[in-house]
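S.K.: My questions will all concern the structure given below.
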Protein chains: 2
Amino acid sequence: MGDNKIQIAHLERICSSALESVGVPSDDASLTARLLVRSEAEGAASHGLLRLPPLLERIRQGSVKPVTAMALVKESPTTAILDAADGIGQVAGYRAMELAIQKATSAGLGAVTVINGGNFGRAGHPASLATDHEMIGIAASNASPRLVPNAGMKPMLGNNPWAVAIPTGGIPVVVDMANSIVANGKIRAAKNEGQSIPEGWATDASGNATTDPAAALKGALIAFGGYKGWSLSLIVDMLTGVLSGGAFADDVGSPDDTSRPQKSCYFFLAINVRHFMDVEQFKGRSEELLKRLRAASDKDVRIPGENSSHNYAQSAKSGILVRPSAIKSLDETFKKVGLPGWDAVLERTK
Amino acid sequence: MGDNKIQIAHLERICSSALESVGVPSDDASLTARLLVRSEAEGAASHGLLRLPPLLERIRQGSVKPVTAMALVKESPTTAILDAADGIGQVAGYRAMELAIQKATSAGLGAVTVINGGNFGRAGHPASLATDHEMIGIAASNASPRLVPNAGMKPMLGNNPWAVAIPTGGIPVVVDMANSIVANGKIRAAKNEGQSIPEGWATDASGNATTDPAAALKGALIAFGGYKGWSLSLIVDMLTGVLSGGAFADDVGSPDDTSRPQKSCYFFLAINVRHFMDVEQFKGRSEELLKRLRAASDKDVRIPGENSSHNYAQSAKSGILVRPSAIKSLDETFKKVGLPGWDAVLERTK
């Protein structure tokens with residue numbers, strides 16, 4: 001199936017072309033493609049190319065609408081609730097954060113919640129849209145039940161992702177996390193490799209601790225820090241689902257059931273640094289803090305956001321290696337939605 | 001030294017009387033006393049009575065000013081920076097959160113940072129001031145370096161406490177935490193009992209993993225979830241120290257050096273629920289979420305904030321047991337600042 005190391009821009013055109021073929025307007029297709037490829041390039045494959053086949057499948061089945069028709073439910077100079085009407089999560093998340101930034105530009109602060117969203121991708125992406133405007137950004141989404149504080153409880157909260165992005169003189173600080181000890185992908189990888197997982201990572205469907213990855217995939221993930229991490233998911237569900245008027249807890253649909261809209265809810269906050277001090281002063285102070293953190297160890301100190309940024313730069317230089325399994329999945333999905341297969345799409349988007 | 005089970009109101013009068021004797025104005029003395037005793041009553045002894053002797057000592061030495069003269073550094077309709085001028089942390093925190101709430105009352109959102117603060121006590125207290133006004137509240141403070149993501153690094157960030165308080169139909173949800181695996185108090189307790197601590201909790205002063213609590217008290221606490229918990233402290237230091245223009249990282253003074261002002265910085269955010277929906281609707285939705293969480297286990301599900309609230313109710317009923325060691329420390333401090341001893345203060349505040 002041809003060369004599988006592909007330049008970022010080419011891969012974006014492939015994804016965008018596929019999205020346009022199922023009716024996504026060109027601007028939205030291009031934004032979604034850019035964010036999927038960005039995740040892949042940043043080394044966050046779990047939010048990358050492997051999300052395209054289910055998204056195309058959802059659009060085909062009608063559980064995601066190709067046109068993301070955002071409607072204003074309620075608004076004030078600092079706040080808003082938007083209805084994403086089962087549109088594309090990446091698009092809805094970006095539009096909502098843009099509105100929060102717009103409000104913070106004039107008012108100093110802006111908070112926007114969203115109802116009826118799909119999977120919005122990496123929380124760090126909309127959060128760092130704020131740092132593009134030299135603001136502090138917070139982004140969060142709820143998700144279907146998957147997280148427990150410890151064994152013995154059924155999941156009722158999602159592994160709700162959240163991110164905080166903060167401007168610096170260089171690469172922004174981007175803290176981007178979900179609240180389980182390990183990501184689902186690690187458990188799936190253990191299953192694929194026939195390995196067991198350590199006790200404490202997950203429970204089976206009955207809520208018992210398990211070391212069997214197959215059982216864990218049907219059960220729940222245990223939160224990092226137990227109740228501490230679970231409390232983070234609780235805060236996110238209250239700021240997203242409860243505060244927006246949308247779905248929360250087990251009303252949020254599973255990513256695995258592509259026939260049903262996910263109805264995820266989001267929360268975005270933009271804090272305009274200029275309302276506190278000159279932006280250059282703020283950036284200088286951020287850099288001073290990071291300098292001290294780096295000096296606190298003989299080894300490399302990992303500043304949140306740096307790994308993704310370095311990975312992206314590397315991918316921009318040398319292209320992205322698309323694994324044969326991913327190509328196979330894309331090839332099949334492309335054909336299913338009426339596109340030619342992978343090779344032909346690869347060729348015509350060159 | 002007499003009966004050591006004391007009613008809440010009596011204990012508040014004792015603390016308030018001691019604070020007034022070193023020049024704290026009556027209103028501020030009463031607020032500080034109320035919050036110290038509230039921590040004790042809530043079962044958070046680490047922020048309770050044992051904080052009174054060092055606070056009195058600091059006022060005596062001049063590193064905390066008895067009059068908390070809050071000055072406005074910068075202000076907009078949604079934001080402010082306040083200078084606490086080395087006043088009492090509890091007072092400064094409350095005043096700042098009141099300002100954030102005032103701003104959110106009219107504007108929908110309010111964010112206030114504070115410079116030159118002392119220890120502001122439990123983060124959950126100013127945060128839940130927002131829920132008294134049917135708003136969502138966030139409170140955070142930086143602290144002197146004490147936290148590392150893992151062994152091998154010197155501490156450069158504090159174990160920065162933060163809290164989020166959210167209205168419900170009953171007891172508010174109050175997530176209130178610092179970012180280490182275990183609190184310092186647990187390590188001190190292990191030392192007092194001559195026990196070792198598990199590997200992974202702390203490092204010694206050279207940054208090596210240690211199981212010796214004495215070495216750990218001179219070293220650093222390891223963050224819960226490693227880099228995840230450490231990232232929470234980083235976010236707090238950037239929202240408090242960096243965004244306020246005050247002290248961050250190792251410029252924040254140690255609680256142990258009572259001769260030097262701590263210069264802690266705070267961040268408060270108030271989100272006016274009314275800008276999103278009717279308050280009763282929000283409370284109903286919160287209760288519905290909590291109901292589902294409780295139904296997800298056969299055992300008691302611990303909703304954040306409930307333990308403190310139950311403990312307080314119990315203390316209000318049966319009084320607070322003040323340990324002999326605490327009485328001894330208070331007795332000595334009272335005499336040092338020119339008050340009569342514990343017994344006399346106990347008697348005259350009856």
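Convention: chains lettered A, B, ... in structure tokens order; per-chain residue numbering from 1; ligands numbered from 1 as shown.
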Can you pull out the residues contacting B:Gly158? Cut-off 7 Å, using only C-alpha atoms, and skip same-chain residues under 4 positions away; I want them as a list in words.

M.R.: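 Residues near the query, excluding close chain neighbours: Asn142, Ala143, Ser144, Pro145, Arg146, Leu147 and Ser233 of chain B.
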
S.K.: Residues within 9 Å of A:Ser231, please, as a list in words. Count only C-alpha atoms; anything in the same chain fewer than 2 positions from it doesn't count.

M.R.: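 My list of contacting residues is Pro149, Asn179, Ala223, Gly226, Tyr227, Lys228, Gly229, Ser233, Leu234, Ile235 and Val236 of chain A; Val175, Ile303 and Pro304 of chain B.
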
S.K.: What is the distance, in Å and to one decimal place, between atom CA of A:Gly284 and atom CA of B:Glu75?

M.R.: 21.6 Å

S.K.: Could you give me, as number ranges by chain, the residues within 8 Å of stretch 81-87 of chain B, counting only C-alpha atoms and dropping anything in the same chain fewer than 5 positions from it?

M.R.: A: 276; B: 63-75, 92, 96, 112-118, 244, 261-263

S.K.: Write out as a ChimeraX atom specification the residues lying within 10 Å of B:Asp331, counting only C-alpha atoms and excluding same-chain residues fewer than 2 positions away.

M.R.: /B:1,53,325-329,333-336,339-345

S.K.: Take the residues that were just selected and, keeping N, CA, C and O atoms, output them as a PDB file, in the first residue's frame.

M.R.:
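out-v5.pdb was written with the following content:
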```pdb
ATOM      1  N   MET B   1      -5.066  20.630  83.679  1.00  0.00           N
ATOM      2  CA  MET B   1      -5.440  21.835  82.938  1.00  0.00           C
ATOM      3  C   MET B   1      -6.924  21.831  82.579  1.00  0.00           C
ATOM      4  O   MET B   1      -7.325  22.346  81.546  1.00  0.00           O
ATOM      5  N   PRO B  53      -0.572  28.879  67.496  1.00  0.00           N
ATOM      6  CA  PRO B  53       0.699  29.327  68.084  1.00  0.00           C
ATOM      7  C   PRO B  53       1.667  29.951  67.064  1.00  0.00           C
ATOM      8  O   PRO B  53       2.165  31.059  67.305  1.00  0.00           O
ATOM      9  N   SER B 325      -1.290  17.929  74.318  1.00  0.00           N
ATOM     10  CA  SER B 325      -0.115  18.529  73.669  1.00  0.00           C
ATOM     11  C   SER B 325      -0.495  19.883  73.062  1.00  0.00           C
ATOM     12  O   SER B 325       0.297  20.837  73.076  1.00  0.00           O
ATOM     13  N   ALA B 326      -1.714  19.975  72.524  1.00  0.00           N
ATOM     14  CA  ALA B 326      -2.163  21.239  71.945  1.00  0.00           C
ATOM     15  C   ALA B 326      -2.367  22.278  73.044  1.00  0.00           C
ATOM     16  O   ALA B 326      -1.995  23.449  72.895  1.00  0.00           O
ATOM     17  N   ILE B 327      -2.935  21.825  74.155  1.00  0.00           N
ATOM     18  CA  ILE B 327      -3.156  22.753  75.273  1.00  0.00           C
ATOM     19  C   ILE B 327      -1.830  23.281  75.799  1.00  0.00           C
ATOM     20  O   ILE B 327      -1.676  24.474  76.048  1.00  0.00           O
ATOM     21  N   LYS B 328      -0.848  22.378  75.874  1.00  0.00           N
ATOM     22  CA  LYS B 328       0.473  22.789  76.362  1.00  0.00           C
ATOM     23  C   LYS B 328       1.062  23.867  75.444  1.00  0.00           C
ATOM     24  O   LYS B 328       1.572  24.895  75.897  1.00  0.00           O
ATOM     25  N   SER B 329       0.960  23.640  74.141  1.00  0.00           N
ATOM     26  CA  SER B 329       1.518  24.582  73.176  1.00  0.00           C
ATOM     27  C   SER B 329       0.786  25.924  73.243  1.00  0.00           C
ATOM     28  O   SER B 329       1.404  26.994  73.194  1.00  0.00           O
ATOM     29  N   THR B 333       2.285  29.587  74.386  1.00  0.00           N
ATOM     30  CA  THR B 333       2.223  30.726  73.463  1.00  0.00           C
ATOM     31  C   THR B 333       1.432  31.878  74.070  1.00  0.00           C
ATOM     32  O   THR B 333       1.808  33.042  73.929  1.00  0.00           O
ATOM     33  N   PHE B 334       0.330  31.554  74.719  1.00  0.00           N
ATOM     34  CA  PHE B 334      -0.476  32.605  75.353  1.00  0.00           C
ATOM     35  C   PHE B 334       0.388  33.428  76.308  1.00  0.00           C
ATOM     36  O   PHE B 334       0.357  34.654  76.297  1.00  0.00           O
ATOM     37  N   LYS B 335       1.178  32.723  77.134  1.00  0.00           N
ATOM     38  CA  LYS B 335       2.020  33.429  78.113  1.00  0.00           C
ATOM     39  C   LYS B 335       3.077  34.283  77.405  1.00  0.00           C
ATOM     40  O   LYS B 335       3.388  35.389  77.832  1.00  0.00           O
ATOM     41  N   LYS B 336       3.589  33.749  76.294  1.00  0.00           N
ATOM     42  CA  LYS B 336       4.635  34.451  75.553  1.00  0.00           C
ATOM     43  C   LYS B 336       4.118  35.771  74.974  1.00  0.00           C
ATOM     44  O   LYS B 336       4.858  36.743  74.863  1.00  0.00           O
ATOM     45  N   LEU B 339      -0.662  37.050  77.351  1.00  0.00           N
ATOM     46  CA  LEU B 339      -1.957  36.611  77.871  1.00  0.00           C
ATOM     47  C   LEU B 339      -1.729  35.801  79.143  1.00  0.00           C
ATOM     48  O   LEU B 339      -0.618  35.313  79.370  1.00  0.00           O
ATOM     49  N   PRO B 340      -2.760  35.641  79.971  1.00  0.00           N
ATOM     50  CA  PRO B 340      -2.618  34.648  81.029  1.00  0.00           C
ATOM     51  C   PRO B 340      -2.579  33.251  80.401  1.00  0.00           C
ATOM     52  O   PRO B 340      -2.784  33.122  79.195  1.00  0.00           O
ATOM     53  N   GLY B 341      -2.325  32.234  81.149  1.00  0.00           N
ATOM     54  CA  GLY B 341      -2.220  30.875  80.605  1.00  0.00           C
ATOM     55  C   GLY B 341      -3.559  30.316  80.145  1.00  0.00           C
ATOM     56  O   GLY B 341      -4.603  30.981  80.248  1.00  0.00           O
ATOM     57  N   TRP B 342      -3.517  29.111  79.610  1.00  0.00           N
ATOM     58  CA  TRP B 342      -4.693  28.436  79.041  1.00  0.00           C
ATOM     59  C   TRP B 342      -5.890  28.415  79.986  1.00  0.00           C
ATOM     60  O   TRP B 342      -7.002  28.794  79.615  1.00  0.00           O
ATOM     61  N   ASP B 343      -5.640  27.972  81.228  1.00  0.00           N
ATOM     62  CA  ASP B 343      -6.755  27.818  82.165  1.00  0.00           C
ATOM     63  C   ASP B 343      -7.502  29.132  82.385  1.00  0.00           C
ATOM     64  O   ASP B 343      -8.734  29.160  82.382  1.00  0.00           O
ATOM     65  N   ALA B 344      -6.725  30.194  82.539  1.00  0.00           N
ATOM     66  CA  ALA B 344      -7.346  31.497  82.798  1.00  0.00           C
ATOM     67  C   ALA B 344      -8.131  31.980  81.575  1.00  0.00           C
ATOM     68  O   ALA B 344      -9.241  32.501  81.696  1.00  0.00           O
ATOM     69  N   VAL B 345      -7.544  31.776  80.379  1.00  0.00           N
ATOM     70  CA  VAL B 345      -8.238  32.194  79.147  1.00  0.00           C
ATOM     71  C   VAL B 345      -9.503  31.360  78.973  1.00  0.00           C
ATOM     72  O   VAL B 345     -10.566  31.873  78.605  1.00  0.00           O
TER      73      VAL B 345
END
```

S.K.: Please return, as a VMD selection string, all residues of stretch 35-86 of chain A that DSSP assigns to helix (DSSP H, G or I) on the basis of the backbone.

M.R.: chain A and resid 35 to 42 45 to 47 49 to 61

S.K.: With a distance cut-off of 7 Å and only C-alpha atoms, select the neighbouring residues of A:Gly43, excluding the residue or stretch itself and same-chain residues fewer than 4 positions from it, and output the selection as a ChimeraX atom specification.

M.R.: /A:39,308,311

S.K.: Just want the 9 Å neighbourhood of stretch 200-202 of chain B, counted on only C-alpha atoms, with same-chain residues fewer than 4 positions away dropped. Output as a PDB file with C-alpha atoms, in the first residue's frame.

M.R.:
```
ATOM      1  CA  LEU B 147       6.930  18.810  46.104  1.00  0.00           C
ATOM      2  CA  VAL B 148       8.706  16.728  43.463  1.00  0.00           C
ATOM      3  CA  ASN B 150       9.654  11.761  41.609  1.00  0.00           C
ATOM      4  CA  ALA B 151      12.918  11.072  43.387  1.00  0.00           C
ATOM      5  CA  SER B 180       1.412  15.020  47.480  1.00  0.00           C
ATOM      6  CA  ILE B 181       0.671  11.316  47.924  1.00  0.00           C
ATOM      7  CA  VAL B 182       0.392  11.858  51.659  1.00  0.00           C
ATOM      8  CA  ILE B 187       5.125  11.684  57.893  1.00  0.00           C
ATOM      9  CA  GLY B 207      16.614  13.967  46.454  1.00  0.00           C
ATOM     10  CA  ASN B 208      17.004  10.248  47.132  1.00  0.00           C
ATOM     11  CA  ALA B 209      14.009   8.055  47.891  1.00  0.00           C
ATOM     12  CA  THR B 210      13.755   7.465  51.625  1.00  0.00           C
ATOM     13  CA  THR B 211      11.722   5.455  54.126  1.00  0.00           C
ATOM     14  CA  ASP B 212      13.037   7.461  57.101  1.00  0.00           C
ATOM     15  CA  PRO B 213      10.411  10.022  58.179  1.00  0.00           C
ATOM     16  CA  ALA B 215      14.949  12.464  56.510  1.00  0.00           C
ATOM     17  CA  ALA B 216      11.686  12.965  54.609  1.00  0.00           C
ATOM     18  CA  LEU B 217      10.769  15.988  56.739  1.00  0.00           C
ATOM     19  CA  GLY B 219      13.449  16.488  51.975  1.00  0.00           C
ATOM     20  CA  ALA B 220      10.489  16.577  49.625  1.00  0.00           C
ATOM     21  CA  LEU B 221       7.056  15.043  49.229  1.00  0.00           C
ATOM     22  CA  ILE B 222       6.372  13.039  46.082  1.00  0.00           C
ATOM     23  CA  ALA B 223       3.328  14.135  44.106  1.00  0.00           C
ATOM     24  CA  PHE B 224       0.325  11.836  43.669  1.00  0.00           C
TER      25      PHE B 224
END
```

S.K.: Pick out each residue of stretch 2-148 of chain B that DSSP on the backbone tags as strand (DSSP E); I need them as an NGL selection string.

M.R.: :B and (5-6 or 71-75 or 79-83 or 109-117 or 135-141 or 147-148)

S.K.: Would you mind exporting the chosen residues as a PDB file, in the first residue's frame, restricted to N, CA and C atoms?

M.R.:
```pdb
ATOM      1  N   LYS B   5     -12.640  18.923  76.558  1.00  0.00           N
ATOM      2  CA  LYS B   5     -13.636  18.864  75.485  1.00  0.00           C
ATOM      3  C   LYS B   5     -14.399  20.188  75.502  1.00  0.00           C
ATOM      4  N   ILE B   6     -14.275  20.929  74.439  1.00  0.00           N
ATOM      5  CA  ILE B   6     -14.712  22.326  74.464  1.00  0.00           C
ATOM      6  C   ILE B   6     -15.708  22.577  73.335  1.00  0.00           C
ATOM      7  N   ALA B  71      -4.845  46.106  49.896  1.00  0.00           N
ATOM      8  CA  ALA B  71      -4.799  47.230  48.961  1.00  0.00           C
ATOM      9  C   ALA B  71      -5.032  46.721  47.549  1.00  0.00           C
ATOM     10  N   LEU B  72      -5.752  47.505  46.767  1.00  0.00           N
ATOM     11  CA  LEU B  72      -6.064  47.137  45.399  1.00  0.00           C
ATOM     12  C   LEU B  72      -4.886  47.520  44.510  1.00  0.00           C
ATOM     13  N   VAL B  73      -4.297  46.535  43.835  1.00  0.00           N
ATOM     14  CA  VAL B  73      -3.165  46.798  42.942  1.00  0.00           C
ATOM     15  C   VAL B  73      -3.665  47.115  41.535  1.00  0.00           C
ATOM     16  N   LYS B  74      -4.722  46.404  41.131  1.00  0.00           N
ATOM     17  CA  LYS B  74      -5.233  46.532  39.758  1.00  0.00           C
ATOM     18  C   LYS B  74      -6.653  45.981  39.755  1.00  0.00           C
ATOM     19  N   GLU B  75      -7.528  46.570  38.951  1.00  0.00           N
ATOM     20  CA  GLU B  75      -8.919  46.111  38.992  1.00  0.00           C
ATOM     21  C   GLU B  75      -9.628  46.334  37.664  1.00  0.00           C
ATOM     22  N   THR B  79     -11.994  41.319  37.256  1.00  0.00           N
ATOM     23  CA  THR B  79     -10.721  40.850  37.821  1.00  0.00           C
ATOM     24  C   THR B  79     -10.141  41.850  38.819  1.00  0.00           C
ATOM     25  N   ALA B  80      -9.231  41.356  39.649  1.00  0.00           N
ATOM     26  CA  ALA B  80      -8.498  42.254  40.548  1.00  0.00           C
ATOM     27  C   ALA B  80      -7.237  41.567  41.040  1.00  0.00           C
ATOM     28  N   ILE B  81      -6.263  42.383  41.392  1.00  0.00           N
ATOM     29  CA  ILE B  81      -5.103  41.930  42.159  1.00  0.00           C
ATOM     30  C   ILE B  81      -5.124  42.697  43.469  1.00  0.00           C
ATOM     31  N   LEU B  82      -5.025  41.959  44.568  1.00  0.00           N
ATOM     32  CA  LEU B  82      -5.005  42.574  45.896  1.00  0.00           C
ATOM     33  C   LEU B  82      -3.652  42.318  46.555  1.00  0.00           C
ATOM     34  N   ASP B  83      -3.198  43.297  47.323  1.00  0.00           N
ATOM     35  CA  ASP B  83      -1.974  43.132  48.102  1.00  0.00           C
ATOM     36  C   ASP B  83      -2.369  42.943  49.565  1.00  0.00           C
ATOM     37  N   LEU B 109     -18.647  36.316  36.144  1.00  0.00           N
ATOM     38  CA  LEU B 109     -17.393  35.674  36.543  1.00  0.00           C
ATOM     39  C   LEU B 109     -16.560  36.697  37.316  1.00  0.00           C
ATOM     40  N   GLY B 110     -15.762  36.216  38.250  1.00  0.00           N
ATOM     41  CA  GLY B 110     -14.846  37.091  38.962  1.00  0.00           C
ATOM     42  C   GLY B 110     -13.583  36.339  39.305  1.00  0.00           C
ATOM     43  N   ALA B 111     -12.421  36.910  38.971  1.00  0.00           N
ATOM     44  CA  ALA B 111     -11.139  36.272  39.305  1.00  0.00           C
ATOM     45  C   ALA B 111     -10.275  37.275  40.052  1.00  0.00           C
ATOM     46  N   VAL B 112      -9.774  36.873  41.201  1.00  0.00           N
ATOM     47  CA  VAL B 112      -8.962  37.762  42.031  1.00  0.00           C
ATOM     48  C   VAL B 112      -7.691  37.038  42.454  1.00  0.00           C
ATOM     49  N   THR B 113      -6.560  37.685  42.246  1.00  0.00           N
ATOM     50  CA  THR B 113      -5.301  37.142  42.758  1.00  0.00           C
ATOM     51  C   THR B 113      -4.833  38.011  43.920  1.00  0.00           C
ATOM     52  N   VAL B 114      -4.008  37.419  44.770  1.00  0.00           N
ATOM     53  CA  VAL B 114      -3.536  38.113  45.968  1.00  0.00           C
ATOM     54  C   VAL B 114      -2.029  37.927  46.082  1.00  0.00           C
ATOM     55  N   ILE B 115      -1.320  38.989  46.410  1.00  0.00           N
ATOM     56  CA  ILE B 115       0.121  38.883  46.684  1.00  0.00           C
ATOM     57  C   ILE B 115       0.374  39.124  48.169  1.00  0.00           C
ATOM     58  N   ASN B 116       1.540  38.685  48.619  1.00  0.00           N
ATOM     59  CA  ASN B 116       1.985  38.934  49.998  1.00  0.00           C
ATOM     60  C   ASN B 116       1.016  38.418  51.055  1.00  0.00           C
ATOM     61  N   GLY B 117       0.570  37.184  50.878  1.00  0.00           N
ATOM     62  CA  GLY B 117      -0.331  36.578  51.851  1.00  0.00           C
ATOM     63  C   GLY B 117       0.404  35.639  52.791  1.00  0.00           C
ATOM     64  N   MET B 135     -22.777  30.100  44.086  1.00  0.00           N
ATOM     65  CA  MET B 135     -21.853  30.141  42.958  1.00  0.00           C
ATOM     66  C   MET B 135     -20.866  28.982  43.076  1.00  0.00           C
ATOM     67  N   ILE B 136     -20.155  28.726  41.976  1.00  0.00           N
ATOM     68  CA  ILE B 136     -19.050  27.777  42.001  1.00  0.00           C
ATOM     69  C   ILE B 136     -17.793  28.552  42.365  1.00  0.00           C
ATOM     70  N   GLY B 137     -17.002  28.025  43.299  1.00  0.00           N
ATOM     71  CA  GLY B 137     -15.806  28.732  43.732  1.00  0.00           C
ATOM     72  C   GLY B 137     -14.551  27.900  43.564  1.00  0.00           C
ATOM     73  N   ILE B 138     -13.489  28.548  43.136  1.00  0.00           N
ATOM     74  CA  ILE B 138     -12.177  27.905  43.064  1.00  0.00           C
ATOM     75  C   ILE B 138     -11.213  28.742  43.890  1.00  0.00           C
ATOM     76  N   ALA B 139     -10.404  28.079  44.716  1.00  0.00           N
ATOM     77  CA  ALA B 139      -9.422  28.775  45.538  1.00  0.00           C
ATOM     78  C   ALA B 139      -8.113  28.015  45.489  1.00  0.00           C
ATOM     79  N   ALA B 140      -7.010  28.737  45.421  1.00  0.00           N
ATOM     80  CA  ALA B 140      -5.699  28.071  45.395  1.00  0.00           C
ATOM     81  C   ALA B 140      -4.653  28.993  45.990  1.00  0.00           C
ATOM     82  N   SER B 141      -3.615  28.395  46.534  1.00  0.00           N
ATOM     83  CA  SER B 141      -2.507  29.170  47.098  1.00  0.00           C
ATOM     84  C   SER B 141      -1.199  28.480  46.752  1.00  0.00           C
ATOM     85  N   LEU B 147       7.497  19.900  46.891  1.00  0.00           N
ATOM     86  CA  LEU B 147       6.930  18.810  46.104  1.00  0.00           C
ATOM     87  C   LEU B 147       7.818  18.476  44.904  1.00  0.00           C
ATOM     88  N   VAL B 148       7.983  17.176  44.662  1.00  0.00           N
ATOM     89  CA  VAL B 148       8.706  16.728  43.463  1.00  0.00           C
ATOM     90  C   VAL B 148       7.849  15.695  42.729  1.00  0.00           C
TER      91      VAL B 148
END
```
